[in-house]
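So this one's coords-v6.txt, compact mmCIF, C-alpha atoms:
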```
# COMPACT_ATOMS: atom_id res chain seq x y z
CA MET F 20 -27.14 -6.70 -1.48
CA ASP F 21 -26.29 -2.99 -1.52
CA LYS F 22 -25.59 -1.15 1.75
CA PRO F 23 -25.76 2.48 0.50
CA ASP F 24 -26.13 4.29 3.83
CA LYS F 25 -23.16 2.79 5.63
CA PRO F 26 -19.89 4.77 5.46
CA VAL F 27 -17.15 2.83 3.65
CA THR F 28 -13.94 2.24 5.58
CA ILE F 29 -10.81 0.93 3.91
CA LEU F 30 -7.57 -0.52 5.22
CA HIS F 31 -4.66 -0.09 2.80
CA PHE F 32 -1.57 -2.32 2.50
CA LEU F 33 1.73 -1.00 1.14
CA ASN F 34 5.32 -2.19 0.93
CA GLN F 35 8.20 -0.26 2.50
CA PHE F 36 8.82 1.80 -0.64
CA PHE F 37 5.27 3.08 -1.10
CA GLY F 38 4.91 3.33 2.68
CA GLY F 39 7.64 6.01 2.61
CA ILE F 40 10.17 4.03 4.65
CA GLY F 41 12.78 3.47 1.95
CA GLY F 42 13.91 1.33 -0.95
CA GLU F 43 15.76 -1.98 -1.03
CA ASP F 44 17.84 -0.91 1.96
CA GLN F 45 14.62 -1.05 4.04
CA ALA F 46 13.09 -4.19 2.50
CA ASP F 47 13.56 -6.05 5.82
CA THR F 48 11.13 -3.71 7.61
CA PRO F 49 8.73 -5.73 9.80
CA PRO F 50 4.96 -5.15 9.73
CA GLN F 51 3.66 -1.87 11.09
CA PHE F 52 0.46 0.16 11.19
CA ARG F 53 -0.14 3.86 10.62
CA ALA F 54 -3.45 5.64 11.09
CA GLY F 55 -5.03 7.13 7.96
CA PRO F 56 -3.68 7.16 4.42
CA VAL F 57 0.05 6.99 3.64
CA GLY F 58 1.88 7.61 0.36
CA PRO F 59 -0.33 6.48 -2.55
CA GLY F 60 -3.13 6.14 0.00
CA VAL F 61 -3.47 9.93 -0.03
CA VAL F 62 -4.34 9.75 -3.75
CA LEU F 63 -6.57 6.70 -3.15
CA ALA F 64 -8.44 8.72 -0.50
CA LYS F 65 -8.93 11.53 -3.03
CA HIS F 66 -10.35 9.03 -5.53
CA LEU F 67 -12.66 7.68 -2.82
CA GLY F 68 -13.92 11.20 -2.13
CA ASP F 69 -14.46 11.83 -5.84
CA ARG F 70 -16.61 8.69 -6.08
CA ALA F 71 -18.67 9.17 -2.93
CA THR F 72 -22.30 10.03 -3.51
CA VAL F 73 -24.01 12.94 -1.77
CA GLY F 74 -24.21 12.18 1.94
CA ASP F 75 -21.90 9.20 1.51
CA GLN F 76 -18.53 8.78 3.20
CA ALA F 77 -15.53 6.72 2.16
CA SER F 78 -12.20 6.86 3.96
CA ILE F 79 -8.95 5.07 4.61
CA THR F 80 -8.89 4.32 8.32
CA GLY F 81 -5.36 2.93 8.39
CA THR F 82 -2.35 1.67 6.47
CA LEU F 83 -0.45 -1.57 6.97
CA ILE F 84 3.18 -1.55 5.82
CA CYS F 85 5.68 -4.39 5.48
CA GLY F 86 9.03 -4.67 3.74
CA ASP F 87 9.13 -6.87 0.64
CA ASN F 88 11.97 -9.09 1.85
CA TYR F 89 10.57 -9.38 5.35
CA PHE F 90 7.21 -10.52 3.99
CA ILE F 91 8.67 -13.09 1.61
CA GLU F 92 11.13 -14.49 4.16
CA HIS F 93 8.56 -14.61 7.02
CA GLN F 94 5.28 -14.91 5.12
CA GLU F 95 3.24 -16.79 7.71
CA GLU F 96 4.47 -14.57 10.56
CA ALA F 97 4.04 -11.40 8.48
CA VAL F 98 0.43 -12.23 7.55
CA ALA F 99 -0.42 -13.07 11.17
CA ARG F 100 1.15 -9.85 12.46
CA LEU F 101 -0.48 -7.68 9.79
CA LEU F 102 -3.89 -9.18 10.59
CA GLU F 103 -3.22 -8.59 14.28
CA LEU F 104 -2.32 -4.95 13.61
CA ALA F 105 -5.48 -4.62 11.50
CA GLY F 106 -7.60 -5.88 14.38
CA ASP F 107 -7.80 -2.44 15.97
CA CYS F 108 -8.69 -0.72 12.71
CA PRO F 109 -12.32 -0.92 11.61
CA ALA F 110 -12.45 -1.57 7.88
CA ASP F 111 -15.05 -2.87 5.46
CA VAL F 112 -12.51 -3.80 2.80
CA LEU F 113 -8.76 -4.27 2.36
CA VAL F 114 -7.03 -2.65 -0.60
CA ALA F 115 -3.60 -4.20 -1.18
CA GLY F 116 -1.24 -2.31 -3.46
CA PRO F 117 -1.17 -1.65 -6.36
CA ALA F 118 1.92 -3.78 -6.92
CA PHE F 119 2.37 -3.20 -10.68
CA ASN F 120 5.11 -5.61 -11.85
CA SER F 121 6.91 -5.95 -8.50
CA GLY F 122 6.92 -9.70 -7.82
CA ARG F 123 7.65 -9.71 -4.09
CA TYR F 124 5.14 -6.93 -3.47
CA GLY F 125 2.53 -8.68 -5.63
CA THR F 126 3.03 -11.89 -3.70
CA ALA F 127 2.61 -10.01 -0.42
CA CYS F 128 -0.52 -8.20 -1.66
CA GLY F 129 -2.07 -11.48 -2.80
CA ALA F 130 -1.22 -13.41 0.35
CA LEU F 131 -2.53 -10.71 2.69
CA ALA F 132 -5.69 -10.12 0.62
CA LEU F 133 -6.42 -13.85 0.58
CA ALA F 134 -5.93 -14.13 4.36
CA TRP F 135 -8.23 -11.14 4.89
CA GLN F 136 -10.82 -12.72 2.60
CA ARG F 137 -10.59 -16.07 4.38
CA ASP F 138 -11.48 -14.16 7.54
CA GLY F 139 -14.80 -13.32 5.88
CA ARG F 140 -13.97 -9.78 4.76
CA PRO F 141 -13.70 -8.48 1.18
CA ALA F 142 -10.34 -7.60 -0.33
CA VAL F 143 -8.96 -6.43 -3.64
CA THR F 144 -5.48 -5.98 -5.05
CA ALA F 145 -4.07 -4.69 -8.32
CA MET F 146 -1.03 -5.67 -10.34
CA ASN F 147 0.33 -6.09 -13.83
CA VAL F 148 -0.57 -9.31 -15.66
CA ASN F 149 3.12 -10.28 -15.67
CA ASN F 150 3.42 -10.06 -11.87
CA PRO F 151 3.98 -13.55 -10.38
CA GLY F 152 1.27 -12.70 -7.84
CA VAL F 153 -1.34 -12.94 -10.60
CA GLU F 154 -0.46 -16.56 -11.32
CA LEU F 155 -0.31 -17.37 -7.60
CA TYR F 156 -3.66 -15.84 -6.64
CA GLN F 157 -5.85 -15.60 -9.76
CA GLY F 158 -9.16 -17.27 -9.26
CA GLU F 159 -8.91 -16.85 -5.47
CA LEU F 160 -9.33 -13.10 -5.13
CA TYR F 161 -10.05 -9.94 -7.06
CA ILE F 162 -6.97 -8.69 -8.93
CA LEU F 163 -7.39 -5.53 -10.98
CA GLU F 164 -5.06 -5.01 -13.92
CA THR F 165 -2.45 -2.23 -13.82
CA GLY F 166 0.33 -1.04 -16.05
CA ALA F 167 3.83 -2.40 -15.49
CA THR F 168 5.11 0.59 -13.50
CA ALA F 169 3.99 3.23 -11.04
CA ALA F 170 3.48 5.55 -14.02
CA SER F 171 -0.06 4.09 -14.07
CA MET F 172 -0.59 4.79 -10.34
CA SER F 173 -3.45 7.29 -10.62
CA ASP F 174 -5.43 5.08 -13.00
CA ALA F 175 -4.85 2.02 -10.80
CA LEU F 176 -5.93 3.88 -7.65
CA GLY F 177 -9.07 5.12 -9.37
CA LYS F 178 -10.02 1.56 -10.32
CA LEU F 179 -9.23 0.34 -6.79
CA ALA F 180 -11.41 3.09 -5.27
CA ASP F 181 -14.37 2.17 -7.48
CA PHE F 182 -14.01 -1.54 -6.82
CA ALA F 183 -13.43 -1.18 -3.06
CA ILE F 184 -16.64 0.84 -2.73
CA LYS F 185 -18.55 -1.85 -4.67
CA LEU F 186 -17.14 -4.58 -2.40
CA ALA F 187 -17.92 -2.64 0.77
CA ARG F 188 -21.46 -1.93 -0.42
CA GLY F 189 -22.09 -5.57 -1.31
CA THR F 190 -22.77 -4.59 -4.91
CA GLU F 191 -22.95 -7.52 -7.30
CA ILE F 192 -19.65 -7.94 -9.09
CA GLY F 193 -20.06 -8.79 -12.75
CA PRO F 194 -17.71 -10.63 -15.09
CA ALA F 195 -14.02 -9.72 -15.19
CA SER F 196 -14.42 -7.84 -18.45
```
File written out as C-alpha cells:
Amino acid sequence: MDKPDKPVTILHFLNQFFGGIGGEDQADTPPQFRAGPVGPGVVLAKHLGDRATVGDQASITGTLICGDNYFIEHQEEAVARLLELAGDCPADVLVAGPAFNSGRYGTACGALALAWQRDGRPAVTAMNVNNPGVELYQGELYILETGATAASMSDALGKLADFAIKLARGTEIGPAS
C-alpha cells in the first residue's frame, strides 16, 4: 500500500570510519547518535532529494555510528544501545551502510537492520556478495548488492535511496532481480 503524501524520514547507520571518527585506531568507539546526515549520508541525502517527486520530501533525520570492533565484541549491548539512541529520532526506514566487502561492518549492518525490522520497521542494507554479512542475513532482510570497495559508493547510495523510499512508501517490492 503506497503512502505517497507522507514525508520519508530515514535513519542512517555507519561505522566509525564512514562516521568520520577514524580508522582502526577508533574501531572501539561505542554507539553514538548525530542529528542529520554524516559522511556518506550527505551524498545519500542528495540522492534522496534527486528522487523525491514534486511536493514530496525525503530526509535523513539522524545518523547512528558505532565502531566495528565495539559492535562485534559487544553485539547485543551495541544493538540495544543503538536502538535506544534511535528512539528519539523519528524514522520510517533504517538504511545501514553500505558495507561493501568489510566483514565486521557488514555484520553490524545486518544485525542492526534485522533488530530494527523485528521491531516492526523496514530496513535495508547494502554490501558486496563476498561480505560475510550476506551469508549471515540473506533471506532475513533486504541486502542490496554493491561493489567490493567504496569506489562504488555513489552507485550504492543511489540504489539505497530508491529502495528506502519504496520501503517507506509501502510500495510492493518485486523479485530480487
Distance of CA of Leu83 in chain F from CA of Ala118 in chain F, expressed in Å to one decimal place: 14.3 Å
Residue neighbourhood Ala167 in chain F, 7 Å, all atoms listed in the file, exclusion window fewer than 6 positions, as a PyMOL selection string: chain F and resi 119-120+147
Pairwise distance for CA of Leu33 in chain F and CA of Phe182 in chain F, rounded to one decimal in Å: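 Here the two named atoms are 17.6 Å from each other.
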Pick from F:Gly39, F:Gly60, F:Pro49, F:Gly55 nearest to Glu96 in chain F, counting all atoms listed in the file: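 Of the candidates, the smallest distance to Glu96 in chain F is held by F:Pro49.
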Atom-to-atom span, CA of Leu131 in chain F and CA of Gly166 in chain F, Å: 21.3 Å
Nearest to Val112 in chain F by atom-to-atom distance, counting all atoms listed in the file, from F:Glu191, F:Asp87, F:Asp138, F:Glu154: F:Asp138
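Distances to Thr190 in chain F were evaluated for F:Pro141, F:Leu113, F:Arg123, F:Glu92 using only C-alpha atoms, and the minimum falls at F:Pro141.
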Close residues, Ile162 in chain F itself excluded, 9 Å, all atoms listed in the file, min 6 positions apart in chain, as a ChimeraX atom specification: /F:129,143-146,153,156
Residue with smallest distance to Ile79 in chain F - pool F:Gly106, F:Gly122, F:Gly38, F:Pro56, counting only C-alpha atoms: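 Checking each of F:Gly106, F:Gly122, F:Gly38, F:Pro56 against Ile79 in chain F, counting only C-alpha atoms, the winner is F:Pro56.
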With N, CA and C atoms as the goal, would you fill in the gaps in range 136-147 of chain F and present it as a short mmCIF file (atom, residue, chain, number, x, y, z; two decimals), in the frame of the given file?
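Written file, out25.cif:
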```
data_model
loop_
_atom_site.label_atom_id
_atom_site.label_comp_id
_atom_site.auth_asym_id
_atom_site.auth_seq_id
_atom_site.Cartn_x
_atom_site.Cartn_y
_atom_site.Cartn_z
N GLN F 136 -9.60 -12.15 3.19
CA GLN F 136 -10.82 -12.72 2.60
C GLN F 136 -11.25 -13.99 3.34
N ARG F 137 -10.29 -14.82 3.67
CA ARG F 137 -10.59 -16.07 4.38
C ARG F 137 -11.15 -15.80 5.78
N ASP F 138 -10.93 -14.58 6.26
CA ASP F 138 -11.48 -14.16 7.54
C ASP F 138 -12.89 -13.59 7.36
N GLY F 139 -13.43 -13.74 6.15
CA GLY F 139 -14.80 -13.32 5.88
C GLY F 139 -14.98 -11.86 5.51
N ARG F 140 -13.89 -11.19 5.12
CA ARG F 140 -13.97 -9.78 4.76
C ARG F 140 -13.49 -9.58 3.33
N PRO F 141 -14.10 -8.67 2.57
CA PRO F 141 -13.70 -8.48 1.18
C PRO F 141 -12.35 -7.80 1.04
N ALA F 142 -11.66 -8.17 -0.03
CA ALA F 142 -10.34 -7.60 -0.33
C ALA F 142 -10.16 -7.51 -1.83
N VAL F 143 -9.31 -6.59 -2.23
CA VAL F 143 -8.96 -6.43 -3.64
C VAL F 143 -7.50 -6.00 -3.72
N THR F 144 -6.83 -6.43 -4.77
CA THR F 144 -5.48 -5.98 -5.05
C THR F 144 -5.40 -5.61 -6.52
N ALA F 145 -4.27 -5.08 -6.92
CA ALA F 145 -4.07 -4.69 -8.32
C ALA F 145 -2.61 -4.90 -8.67
N MET F 146 -2.40 -5.46 -9.87
CA MET F 146 -1.03 -5.67 -10.34
C MET F 146 -1.02 -5.90 -11.84
N ASN F 147 0.14 -5.85 -12.40
CA ASN F 147 0.33 -6.09 -13.83
C ASN F 147 0.16 -7.58 -14.12
#
```
